[in-house]
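Some notes on the structure that comes next.
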Amino acid sequence: MNLKDSINSKVSLILGITFAVFIDLILSKLMANWSYSWLPVQASKAAPYVDNLFAFETGIGTFIFLGCSGVIGWVLLFNRAPKYDESFGEPIEGNIKLEIVWTLVPLFLVIAIAIYSTNVNTTLQNLGEKIKYDSQKELPISLEQKQDSTNTIIDVIARQWNWEFKYPEGFSSSELHIPINKKVYFRLISKDVIHGFYIPAFRLKQDIIPGSIISYSLTPTRKGTYRLRDSMFSGAYFSQNQTNVIVESDDSYQAWIKKTVKKVPVNGLNRAGLLYEKRLEKGDKGWATIPPSPPPLVNDPGDPDSSHEG
Amino acid sequence: MTITNYDERIIKSNHPIPGAPNNWRRFFGFNTDAKVIGIQYIVTALVFLLLGGLLGMLIRGELITPPSDLFDPTVYNGLYTMHGTVMLFLFLFPILSGLTNLLVPPMIGAPDMAFPKLNALAFWLVPVFSIVLLTSFFVPGGPASSGWWSYPPVSIQNPLGHFLNGQMLWIVAIGLSGVSSIIGAINFVTTIIQMRAPGMGFFKMPIFIWTVLAAQILQLLGLPALTGGAIMLFFDLNFGTSFFNPETGGDPVLFQHFFWFYSHPAVYVMVLPVFGIFSELFPAYSRKPLFGYKFVAVASFGITILSLVVWVHHMFYTGTPMWMRNLFMFTTMLIAVPTGVKVFAWIATLWGGNLRLNTPMLFCLGGLFNFIFGGITGVMLATVPIDIHVGNTYFVVAHFHYIIFNTIAFGIFAGIYHWFPKFTGRMFYEGLGKVHFALTFIGATLNWLPLHWAGLLGMPRRVASYDPEFAIWNVIASIGAFLLGVASIPFILNMVSSWSRGKKAPPNPWNAIGLEWLLPSPPPHENFEDDIPTVLNEPYNYGLNKPFVLDEEFYISKALNDS
């Protein structure tokens, strides 16, 4: 091979790689844009941050995935040995420069992702303090009650398997009503096992640890009805431990409080209890479970059949 | 042949010669031959793969429709708990111990493992704890049903109040499995460090040996934490202590630290040997040296060290303080660096090669492809804000199945096919192997790719019923799962018929480099017996014209004559 040929092949190699990288970049950008549609509606202040981070990583991930599988596809197409041909490939043992590059580039990449996510973490700050308490005793009165009176502090009480939301106005509900665009504070409390307070539309999840009271806060940004799901396995009727979250305007939220506070307490939403009764009627077949805890008395049992977005 | 530079005491160490006959009966007794033990492990584990797969298909049968209609939810919970436990402790760990037993002594030129009796003991604990675990299906109240994590307080609720309960048997089985793994780990580490052929310095060991060493050291460092946690859980469950019980002042989160301190590294215990298999097979079937041997070798220990300091990423939403979440996010992401080194090295090995696409190579390529995908979703899960959304959803289930089945089990299948001729002395049927690969790849992709979207939309894992908006992803996943069940048929057919009447295998059917390929197929009981080869070079000199061992021709012709 003379000098001209070797320059030519180098140039065409560089052109080929540049073209492939260009295509890969475009596809990665398209994938990142598309990734927003894989997630539920954005209904909290945290959601856009999480989705942007997810799109960013989807983009990088697509670039790496297509890059790697593109090379694999190429060798599958062009480097297959004919039948019975066992001759050797090019005996390259390695390339120190290349190996250092593919050690350092991912290193810088993950440092960049980690710094980006640390910043998002600092911005979001949903998790407040976690205090131990003796679950056999009465709940301590919320500390925040004394502070800023404009804060809404709702006690979220998780049981096997129902949810109860206690409002500072002295009533309780089976569904979580919260006003839009206001920071809402929670005390997350479990009466038995670990549960998870998970609202996919808010992109937020926090385990509720028995024996601790966890302070939590979030800001809903979109009106609608969303699903709250228990996300930490909590026993037999775990998948029934769901309820709705209703984000409404401040006016209708206040109206709901006024209306509900006057209502007579009734049994709260209790899907697990109903299923357990059915099981007992059918002769208590199946493997062992503890009986569901009785439904809490709530002023608003909610409408479990109403539809939800995300 | 005169052997130089070799410690006579080791090769002549007093290991028992099995008196068992050279027929099928030796596989059913307390045999101390690592090659017999290896096959015992692998066959036992494959039987449990069928059981675990059946449990998985029952899960997918329930989840093909949104309501909980096939089983009572209590039964569903028991089934998914046992599916995970069987797959991890009865299939994956034993089958990898089996491959390791088969491969380590021949690959390093040792006659057997360092402690053959301990080796047999480690294997025979597998049927013991398997029976303990499976007995729990028949005790009152049913088997453990709190997931393979067994987080308290759910796991210590003991609804019937009996001393003998499913959860208790589960803990006993896991404890015994840990004992078996520790015995195995001591044996593997000692064998690799003490019994290598003359000339085989650390940087002349095959990568599989490097990864086994890295993985088994991880077992020794991590398992005591799990065992300690399991013992405390046992006391909380059966004797009313309060290590983890919040009602009496215990801390349920403490168990999670014990559990994940081992159980995250456990994933690397399983994946590292598979990285080893990839590193053996890609050069052999690309007819090229492994790209950057030393980097790939050292990266194994990079993974070992880092994997010990990432466990809190399973606990980002348990009330872990922010600084700790940021720290563990960073350490977790760092694992991408040594792992990336390996992935890029494999791809560079393929580049410009002369690829032979037989069954083991197809499983390797499929496994690598899936691993790149699973690695990327792994980095996403390490990212705190993303994990807070998708943690404990089907996104995680999809991710870890991409690692544990689509990568690890693919690598195991590749390894089984690749070394099948060596240890059975028979060739397998290539056509059935390809059918097995195609069905497995399509089934696995249908099963776990769609579930990523179910998780992104907020479907929690471990649910017996779900909202109808997740139905489409679950229907596709269930079809994939049933296809995986079908995929086992050509595999079983192939293994059984090839072993009983396949074509006789030559000593080195793939023209691969490695000490095991210098032995007859199947190798004699003490491998090289009195003629231990002296290793001269790295084991991946495809096309370099450098002999791997001194007097290579002697061993090649000896193996041919003995076959």
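Residues in the structure tokens are named by chain (A, B, ... in the order shown) and by number from 1 within that chain; ligands are numbered from 1 in the order shown.
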May I have the residues of chain B within 6 Å of chain A, counting only C-alpha atoms, written as an mmCIF file with C-alpha atoms, in the first residue's frame?
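File written: out.cif
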```cif
data_model
loop_
_atom_site.group_PDB
_atom_site.id
_atom_site.type_symbol
_atom_site.label_atom_id
_atom_site.label_comp_id
_atom_site.auth_asym_id
_atom_site.auth_seq_id
_atom_site.Cartn_x
_atom_site.Cartn_y
_atom_site.Cartn_z
ATOM 1 C CA ASP B 72 -55.583 -15.652 45.938
ATOM 2 C CA PRO B 73 -53.146 -12.749 46.488
ATOM 3 C CA THR B 74 -51.534 -14.656 49.378
ATOM 4 C CA VAL B 75 -50.721 -17.473 46.953
ATOM 5 C CA GLY B 141 -49.794 -21.177 56.074
ATOM 6 C CA GLY B 142 -47.701 -21.782 52.958
ATOM 7 C CA PRO B 153 -41.810 -6.216 59.776
ATOM 8 C CA VAL B 154 -43.771 -8.015 56.994
ATOM 9 C CA PRO B 159 -49.910 -14.940 60.735
ATOM 10 C CA PRO B 246 -40.295 -1.436 65.669
ATOM 11 C CA ARG B 287 -10.166 -15.892 16.220
ATOM 12 C CA LYS B 288 -8.473 -12.879 17.792
ATOM 13 C CA PRO B 289 -6.596 -12.128 21.021
ATOM 14 C CA PHE B 291 -8.351 -6.874 23.440
ATOM 15 C CA GLY B 292 -6.486 -5.365 26.405
ATOM 16 C CA TYR B 317 -36.293 6.313 49.515
ATOM 17 C CA THR B 318 -36.174 4.790 52.981
ATOM 18 C CA PHE B 330 -21.647 8.343 42.851
ATOM 19 C CA MET B 333 -22.182 5.054 38.855
ATOM 20 C CA VAL B 337 -16.217 2.500 34.463
ATOM 21 C CA GLY B 353 -12.342 -10.843 13.716
ATOM 22 C CA ASN B 354 -13.339 -13.934 11.811
ATOM 23 C CA LEU B 355 -16.640 -14.659 13.567
ATOM 24 C CA ARG B 356 -17.993 -18.166 13.918
ATOM 25 C CA ILE B 376 -27.655 1.695 30.799
ATOM 26 C CA PRO B 385 -34.220 11.425 41.310
ATOM 27 C CA ILE B 386 -34.963 8.788 38.654
ATOM 28 C CA ILE B 388 -37.177 7.830 43.435
ATOM 29 C CA HIS B 389 -39.688 7.595 40.607
ATOM 30 C CA LEU B 456 -41.970 4.167 33.988
ATOM 31 C CA LEU B 457 -45.734 4.681 34.094
ATOM 32 C CA GLY B 458 -45.780 3.737 37.761
ATOM 33 C CA PRO B 460 -45.284 -1.141 41.401
ATOM 34 C CA VAL B 463 -48.495 -6.558 42.826
ATOM 35 C CA ALA B 464 -51.014 -9.354 42.321
ATOM 36 C CA SER B 465 -53.391 -6.963 40.502
ATOM 37 C CA GLY B 543 -2.974 -15.662 15.433
#
```
Applying 12 Å and only C-alpha atoms, which residues near Leu50 of chain B remain after dropping the ones on its own chain fewer than 6 positions away? List them as a VMD selection string. chain B and resid 43 to 44 56 to 57 83 86 to 87 90 to 91 484 to 489 491 to 492
Under the rule that only C-alpha atoms are counted, which of A:Lys182, A:Asn270, A:Val261, A:Pro296 is the nearest residue to Ile157 of chain A? A:Pro296
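Using only C-alpha atoms, the smallest distance between any of A:Leu280, A:Leu25, A:Leu139, A:Val298 and Gly170 of chain A comes from A:Val298.
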Give me, as a PyMOL selection string, all polymer residues having an atom no more than 12 Å from Ile23 of chain A, counting only C-alpha atoms and skipping those fewer than 4 positions away in the same chain. chain A and resi 16-19+27-30+62-63+66-67+70
Run DSSP on the backbone of this structure and report the residues of segment 45-257 of chain A it assigns to alpha helix (DSSP H), as a PyMOL selection string. chain A and resi 46-78+96-124+250-257
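Between atom CA of Asn151 of chain A and atom CA of Met322 of chain B there is a distance of 23.3 Å.
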Residues at most 8 Å from His525 of chain B, counting only C-alpha atoms, excluding those fewer than 5 positions away in the same chain, as a ChimeraX atom specification? /B:33,35,111
